[in-house]
file work10.txt (compact mmCIF, C-alpha atoms)
# COMPACT_ATOMS: atom_id res chain seq x y z
CA MET A 1357 3.80 -6.97 -12.79
CA SER A 1358 1.69 -6.49 -9.70
CA VAL A 1359 -1.82 -5.20 -9.39
CA VAL A 1360 -1.87 -1.44 -9.64
CA VAL A 1361 -1.89 0.33 -6.28
CA PRO A 1362 -1.32 4.01 -5.54
CA LYS A 1363 2.25 5.24 -5.27
CA GLN A 1364 1.34 6.59 -1.83
CA ILE A 1365 -0.52 4.20 0.44
CA TRP A 1366 -0.80 6.24 3.65
CA TRP A 1367 -1.84 9.91 3.77
CA THR A 1368 -1.71 12.56 6.46
CA VAL A 1369 -4.63 14.95 6.89
CA GLU A 1370 -2.53 17.79 5.48
CA GLU A 1371 -1.52 15.73 2.44
CA LEU A 1372 -5.14 14.84 1.73
CA ALA A 1373 -6.21 18.47 2.05
CA ASN A 1374 -3.51 19.56 -0.42
CA SER A 1375 -3.85 16.61 -2.80
CA GLY A 1376 -6.50 18.06 -5.09
CA LEU A 1377 -8.11 14.62 -5.29
CA PRO A 1378 -11.78 14.60 -6.31
CA GLU A 1379 -14.44 14.47 -3.59
CA LEU A 1380 -11.96 15.54 -0.90
CA PRO A 1381 -12.20 18.84 1.01
CA GLY A 1382 -9.34 21.27 0.51
CA SER A 1383 -8.78 21.97 4.19
CA LYS A 1384 -7.59 20.02 7.21
CA PRO A 1385 -10.82 20.65 9.17
CA GLY A 1386 -12.77 19.40 6.18
CA ILE A 1387 -10.74 16.20 6.01
CA ASN A 1388 -11.17 15.65 9.74
CA LEU A 1389 -14.93 16.07 9.42
CA LEU A 1390 -15.00 13.59 6.53
CA ALA A 1391 -12.96 11.10 8.55
CA GLN A 1392 -15.31 11.51 11.51
CA ARG A 1393 -18.42 11.20 9.38
CA PHE A 1394 -17.34 7.90 7.83
CA GLY A 1395 -15.54 6.56 10.87
CA TRP A 1396 -12.12 6.18 9.26
CA ARG A 1397 -10.34 5.90 12.60
CA ALA A 1398 -12.49 2.96 13.65
CA ILE A 1399 -11.47 0.88 10.65
CA GLU A 1400 -8.87 -1.65 11.74
CA GLY A 1401 -5.78 -1.49 9.54
CA CYS A 1402 -6.86 1.71 7.80
CA ALA A 1403 -5.90 4.43 10.29
CA LYS A 1404 -2.96 4.92 12.61
CA ARG A 1405 -1.30 7.60 14.66
CA LYS A 1406 1.29 9.74 12.90
CA VAL A 1407 4.69 9.56 14.55
CA GLY A 1408 7.01 12.52 14.92
CA ARG A 1409 6.36 16.23 15.11
CA GLY A 1410 2.75 17.35 15.18
CA GLY A 1411 1.19 13.94 15.69
CA GLY A 1412 -2.27 13.47 14.21
CA TRP A 1413 -3.62 10.65 12.06
CA ILE A 1414 -2.71 9.02 8.77
CA TYR A 1415 -5.18 7.07 6.63
CA HIS A 1416 -5.01 4.19 4.16
CA TRP A 1417 -5.94 5.15 0.62
CA SER A 1418 -8.78 2.59 0.49
CA VAL A 1419 -10.96 4.66 2.88
CA LEU A 1420 -11.06 7.58 0.45
CA PRO A 1421 -14.11 8.38 -1.72
CA LEU A 1422 -14.48 6.38 -4.93
CA ALA A 1423 -13.50 9.23 -7.26
CA ALA A 1424 -10.32 9.85 -5.26
CA ARG A 1425 -9.40 6.16 -5.36
CA ARG A 1426 -9.97 6.02 -9.11
CA LYS A 1427 -7.65 9.01 -9.61
CA LEU A 1428 -4.93 7.43 -7.50
CA LEU A 1429 -5.18 4.16 -9.42
CA THR A 1430 -5.11 5.95 -12.76
CA ASP A 1431 -2.02 7.91 -11.78
CA ALA A 1432 -0.34 4.73 -10.52
CA ALA A 1433 -1.06 2.92 -13.78
CA GLU A 1434 0.64 5.71 -15.70
CA THR A 1435 3.71 5.53 -13.42
CA PRO A 1436 4.37 1.85 -12.68
CA ASP A 1437 6.10 0.88 -9.44
CA GLU A 1438 9.68 -0.24 -9.96
CA ARG A 1439 9.39 -2.74 -7.12
CA PRO A 1440 8.36 -6.33 -7.86
CA ASP A 1441 5.15 -7.72 -6.41
CA ARG A 1442 5.34 -9.68 -3.18
CA GLY A 1443 5.43 -13.07 -4.90
CA ASN A 1444 8.41 -12.15 -7.06
CA ALA A 1445 10.09 -10.38 -4.14
CA TRP A 1446 9.95 -13.49 -1.97
CA ALA A 1447 11.02 -15.72 -4.84
CA ALA A 1448 14.04 -13.48 -5.37
CA PHE A 1449 14.80 -13.48 -1.64
CA ASP A 1450 14.68 -17.27 -1.40
CA SER A 1451 17.23 -17.56 -4.21
CA LEU A 1452 19.75 -15.21 -2.56
CA PRO A 1453 22.98 -16.31 -0.88
CA GLU A 1454 23.03 -16.26 2.92
CA THR A 1455 25.20 -13.13 3.00
CA ALA A 1456 22.50 -11.10 1.22
CA LYS A 1457 19.76 -12.57 3.42
CA THR A 1458 21.73 -11.70 6.54
CA LYS A 1459 22.11 -8.11 5.37
CA ALA A 1460 18.34 -7.87 4.83
CA LYS A 1461 17.69 -9.32 8.30
CA THR A 1462 20.00 -6.71 9.85
CA ARG A 1463 18.04 -3.97 8.12
CA LEU A 1464 14.75 -5.44 9.28
CA ALA A 1465 16.05 -5.55 12.85
CA ALA A 1466 16.84 -1.84 12.64
CA LEU A 1467 13.30 -1.04 11.49
CA GLN A 1468 11.84 -3.17 14.26
CA ILE A 1469 13.86 -1.14 16.75
CA VAL A 1470 12.42 2.05 15.25
CA ASP A 1471 8.88 0.67 15.49
CA GLY A 1472 9.40 -0.42 19.08
CA LEU A 1473 10.72 2.98 20.11
CA HIS A 1474 7.78 4.67 18.38
CA GLN A 1475 5.38 2.61 20.48
CA SER A 1476 7.14 3.73 23.65
CA GLY A 1477 6.70 7.39 22.68
CA VAL A 1478 10.16 8.18 21.30
CA THR A 1479 10.19 10.72 18.46
CA HIS A 1480 10.97 9.54 14.94
CA VAL A 1481 14.34 11.27 14.72
CA HIS A 1482 15.55 9.83 18.01
CA ALA A 1483 14.17 6.38 17.18
CA VAL A 1484 16.09 6.31 13.91
CA ALA A 1485 19.27 7.55 15.58
CA GLU A 1486 19.06 4.86 18.27
CA ALA A 1487 18.35 2.11 15.73
CA ALA A 1488 21.36 3.22 13.70
CA ARG A 1489 23.55 3.15 16.81
CA GLN A 1490 22.45 -0.32 17.85
CA CYS A 1491 22.92 -1.76 14.37
CA GLY A 1492 26.18 0.00 13.62
CA SER A 1493 24.76 1.89 10.66
CA SER A 1494 24.15 5.52 9.80
CA ALA A 1495 20.84 7.28 10.35
CA ARG A 1496 20.77 8.03 6.63
CA SER A 1497 20.91 4.30 5.89
CA VAL A 1498 18.02 3.63 8.25
CA TYR A 1499 15.94 6.32 6.55
CA ASN A 1500 16.74 4.68 3.20
CA TRP A 1501 15.57 1.32 4.51
CA ILE A 1502 12.35 2.87 5.77
CA GLY A 1503 11.76 4.21 2.26
CA MET A 1504 12.41 0.78 0.74
CA VAL A 1505 9.46 -0.71 2.60
CA GLU A 1506 7.02 2.20 2.50
CA GLY A 1507 3.58 0.76 1.81
CA VAL A 1508 4.83 -2.82 2.31
CA ALA A 1509 3.07 -5.07 4.83
CA PRO A 1510 5.22 -5.76 7.91
CA GLU A 1511 5.30 -9.48 7.19
CA ASP A 1512 6.76 -8.82 3.72
CA ARG A 1513 9.40 -6.24 4.66
CA LEU A 1514 12.28 -8.70 4.79
CA ALA A 1515 11.90 -9.56 1.10
CA TYR A 1516 12.15 -5.88 0.13
CA LEU A 1517 15.18 -5.07 2.29
CA VAL A 1518 17.71 -6.97 0.22
CA PRO A 1519 20.36 -4.90 -1.61
CA ARG A 1520 18.68 -3.05 -4.46
CA ASN A 1521 20.75 -4.73 -7.16
CA ARG A 1522 19.27 -8.03 -5.94
CA LEU A 1523 15.70 -6.79 -6.20
CA ALA A 1524 15.59 -5.95 -9.88
CA VAL A 1525 12.16 -6.19 -11.47
CA ARG A 1526 11.94 -9.06 -13.89
CA LYS A 1527 10.68 -8.30 -17.36
CA PRO A 1528 6.97 -8.99 -17.18
CA ASN A 1529 5.53 -11.73 -19.35
CA LYS A 1530 2.21 -11.61 -21.11
CA ALA A 1531 0.31 -13.32 -18.27
CA ALA A 1532 1.60 -10.74 -15.79
CA CYS A 1533 0.67 -7.64 -17.79
CA THR A 1534 -2.73 -7.22 -16.17
CA GLN A 1535 -2.55 -3.78 -14.58
CA ALA A 1536 -5.34 -2.28 -16.67
CA PHE A 1537 -7.59 -5.26 -15.95
CA MET A 1538 -6.93 -5.15 -12.20
CA ASP A 1539 -7.29 -1.36 -12.13
CA TYR A 1540 -10.77 -1.64 -13.63
CA LEU A 1541 -11.76 -4.61 -11.46
CA THR A 1542 -10.57 -3.04 -8.21
CA SER A 1543 -12.29 0.28 -8.88
CA ASP A 1544 -15.54 -1.47 -9.79
CA TYR A 1545 -15.48 -3.74 -6.74
CA LEU A 1546 -14.65 -1.00 -4.22
CA ARG A 1547 -17.90 0.89 -4.61
CA GLN A 1548 -21.17 0.92 -2.80
CA GLY A 1549 -24.04 -1.15 -4.09
CA PRO A 1550 -22.38 -3.41 -3.61
CA PRO A 1551 -21.87 -5.70 -6.63
CA THR A 1552 -20.53 -9.21 -6.04
CA PHE A 1553 -16.96 -10.02 -6.99
CA ALA A 1554 -18.26 -12.40 -9.67
CA GLN A 1555 -20.29 -9.59 -11.25
CA CYS A 1556 -17.29 -7.25 -11.21
CA TYR A 1557 -15.03 -9.95 -12.61
CA ARG A 1558 -17.38 -10.65 -15.52
CA ALA A 1559 -17.63 -6.93 -16.25
CA ALA A 1560 -13.85 -6.58 -16.13
CA CYS A 1561 -13.40 -9.55 -18.50
CA LYS A 1562 -15.89 -8.01 -20.91
CA LYS A 1563 -14.03 -4.70 -20.75
CA ALA A 1564 -10.69 -6.50 -21.19
CA LYS A 1565 -11.93 -8.25 -24.31
CA HIS A 1566 -12.97 -4.91 -25.79
CA GLU A 1567 -9.73 -3.16 -24.81
CA GLY A 1568 -7.36 -6.03 -25.54
CA TRP A 1569 -6.17 -6.32 -21.92
CA ASP A 1570 -4.64 -9.43 -20.40
CA ILE A 1571 -6.67 -10.96 -17.59
CA LEU A 1572 -6.18 -13.13 -14.51
CA ILE A 1573 -8.33 -16.07 -13.52
CA SER A 1574 -10.96 -15.21 -10.94
CA LYS A 1575 -9.24 -16.80 -7.91
CA THR A 1576 -5.92 -15.10 -8.66
CA ALA A 1577 -7.57 -11.72 -9.21
CA LYS A 1578 -9.47 -11.97 -5.90
CA ARG A 1579 -6.33 -13.01 -4.04
CA ARG A 1580 -4.40 -10.04 -5.42
CA LEU A 1581 -7.18 -7.64 -4.54
CA ASP A 1582 -7.31 -9.04 -0.99
CA ASP A 1583 -3.52 -8.68 -0.70
CA GLU A 1584 -3.69 -5.00 -1.55
CA VAL A 1585 -6.84 -3.85 0.26
CA PRO A 1586 -7.52 -4.86 3.90
CA ARG A 1587 -10.81 -6.68 4.43
CA LEU A 1588 -12.29 -4.02 6.69
CA CYS A 1589 -11.40 -1.33 4.18
CA GLN A 1590 -13.23 -3.31 1.50
CA VAL A 1591 -16.33 -3.43 3.69
CA LEU A 1592 -16.16 0.31 4.33
CA ALA A 1593 -15.79 1.12 0.62
CA ARG A 1594 -18.62 -1.23 -0.41
CA GLU A 1595 -21.12 -0.96 2.45
CA GLY A 1596 -20.18 2.18 4.32
CA PHE A 1597 -19.72 2.45 8.07
CA ALA A 1598 -23.01 0.62 8.67
CA GLY A 1599 -21.50 -2.55 7.23
CA LEU A 1600 -18.77 -2.77 9.85
call {"tool": "encode", "arguments": {"input": "work10.txt", "output": "structure tokens"}}
result
Amino acid sequence: MSVVVPKQIWWTVEELANSGLPELPGSKPGINLLAQRFGWRAIEGCAKRKVGRGGGWIYHWSVLPLAARRKLLTDAAETPDERPDRGNAWAAFDSLPETAKTKAKTRLAALQIVDGLHQSGVTHVHAVAEAARQCGSSARSVYNWIGMVEGVAPEDRLAYLVPRNRLAVRKPNKAACTQAFMDYLTSDYLRQGPPTFAQCYRAACKKAKHEGWDILISKTAKRRLDDEVPRLCQVLAREGFAGL
């Protein structure tokens, strides 16, 4: 089982205003002021332009206030993601026959067409329609593929675009059942102070011993945290805009 991350990675201003998350304003102007105050748009990898109707900005969950991040992580822990983590996804991909790999590559090519058309200013609907035409698929299929990789890093998309029956989540073993441990560790590390990772890891191990959680070794835990939260977003959460 992977480290716990929110079910929704990227948020529009409207979604944040309507989310009811703690420490977030309940209006779009309020969210925009918060984003401006903390420089969300200047954080590489944590803000990007919204494609399609209306435009605007969307933000990575890791730029949100601590209380909001904790709520998202808690909700995610209660509703585990059905997708495997990136390591298991790539292991499953490598074991597939060439026919399944080719199908995944075709899907990835369609999404790359969509991304390329977005960058040239084409609307989302037209980009999807053109990608479907070029790949000989339906627009509905392309939308499904987009959903399959929502929140997935571009370099990992191929592994998640295999036919769904090939991407079944393996039954987690004891060593993998660490979501509570990683939830606590991530929340503790992504706060201002800032504490060192070693301090947070020791605190998480102490908490795990009390709660009966499974743990990861320090290097593995740090690698998983770095996989899920971009470096610049970590700096913003721990040191504020002044640390960038």
call {"tool": "atom_distance", "arguments": {"input": "work10.txt", "atom1": "atom CA of Ala1432 of chain A", "atom2": "atom CA of Ser1451 of chain A"}}
result
29.1 Å
call {"tool": "residues_around", "arguments": {"input": "work10.txt", "residues": "Phe1449 of chain A", "least_positions_apart": "5", "cutoff": "10 Å", "atoms": "only C-alpha atoms", "output": "list of chain:residue names"}}
result
A:Gly1443, A:Asn1444, A:Glu1454, A:Ala1456, A:Lys1457, A:Ala1460, A:Leu1514, A:Ala1515, A:Tyr1516, A:Leu1517, A:Val1518, A:Arg1522, A:Leu1523
call {"tool": "atom_distance", "arguments": {"input": "work10.txt", "atom1": "atom CA of Asn1374 of chain A", "atom2": "atom CA of Ala1598 of chain A"}}
result
28.7 Å
call {"tool": "closest_residue", "arguments": {"input": "work10.txt", "among": "A:Ile1399, A:Val1407, A:Leu1541, A:Leu1380", "to": "Arg1580 of chain A", "atoms": "only C-alpha atoms"}}
result
A:Leu1541
call {"tool": "axis_aligned_box", "arguments": {"input": "work10.txt", "around": "segment 1465-1477 of chain A", "padding_each_side": "8 Å", "output": "lines of an AutoDock Vina configuration file"}}
result
center_x = 11.1
center_y = 0.9
center_z = 17.6
size_x = 27.5
size_y = 28.9
size_z = 28.2
call {"tool": "atom_distance", "arguments": {"input": "work10.txt", "atom1": "atom CA of Leu1428 of chain A", "atom2": "atom CA of Arg1442 of chain A"}}
result
20.4 Å
call {"tool": "closest_residue", "arguments": {"input": "work10.txt", "among": "A:Thr1430, A:Gln1468, A:Ser1574, A:Gln1364", "to": "Arg1513 of chain A", "atoms": "only C-alpha atoms"}}
result
A:Gln1468
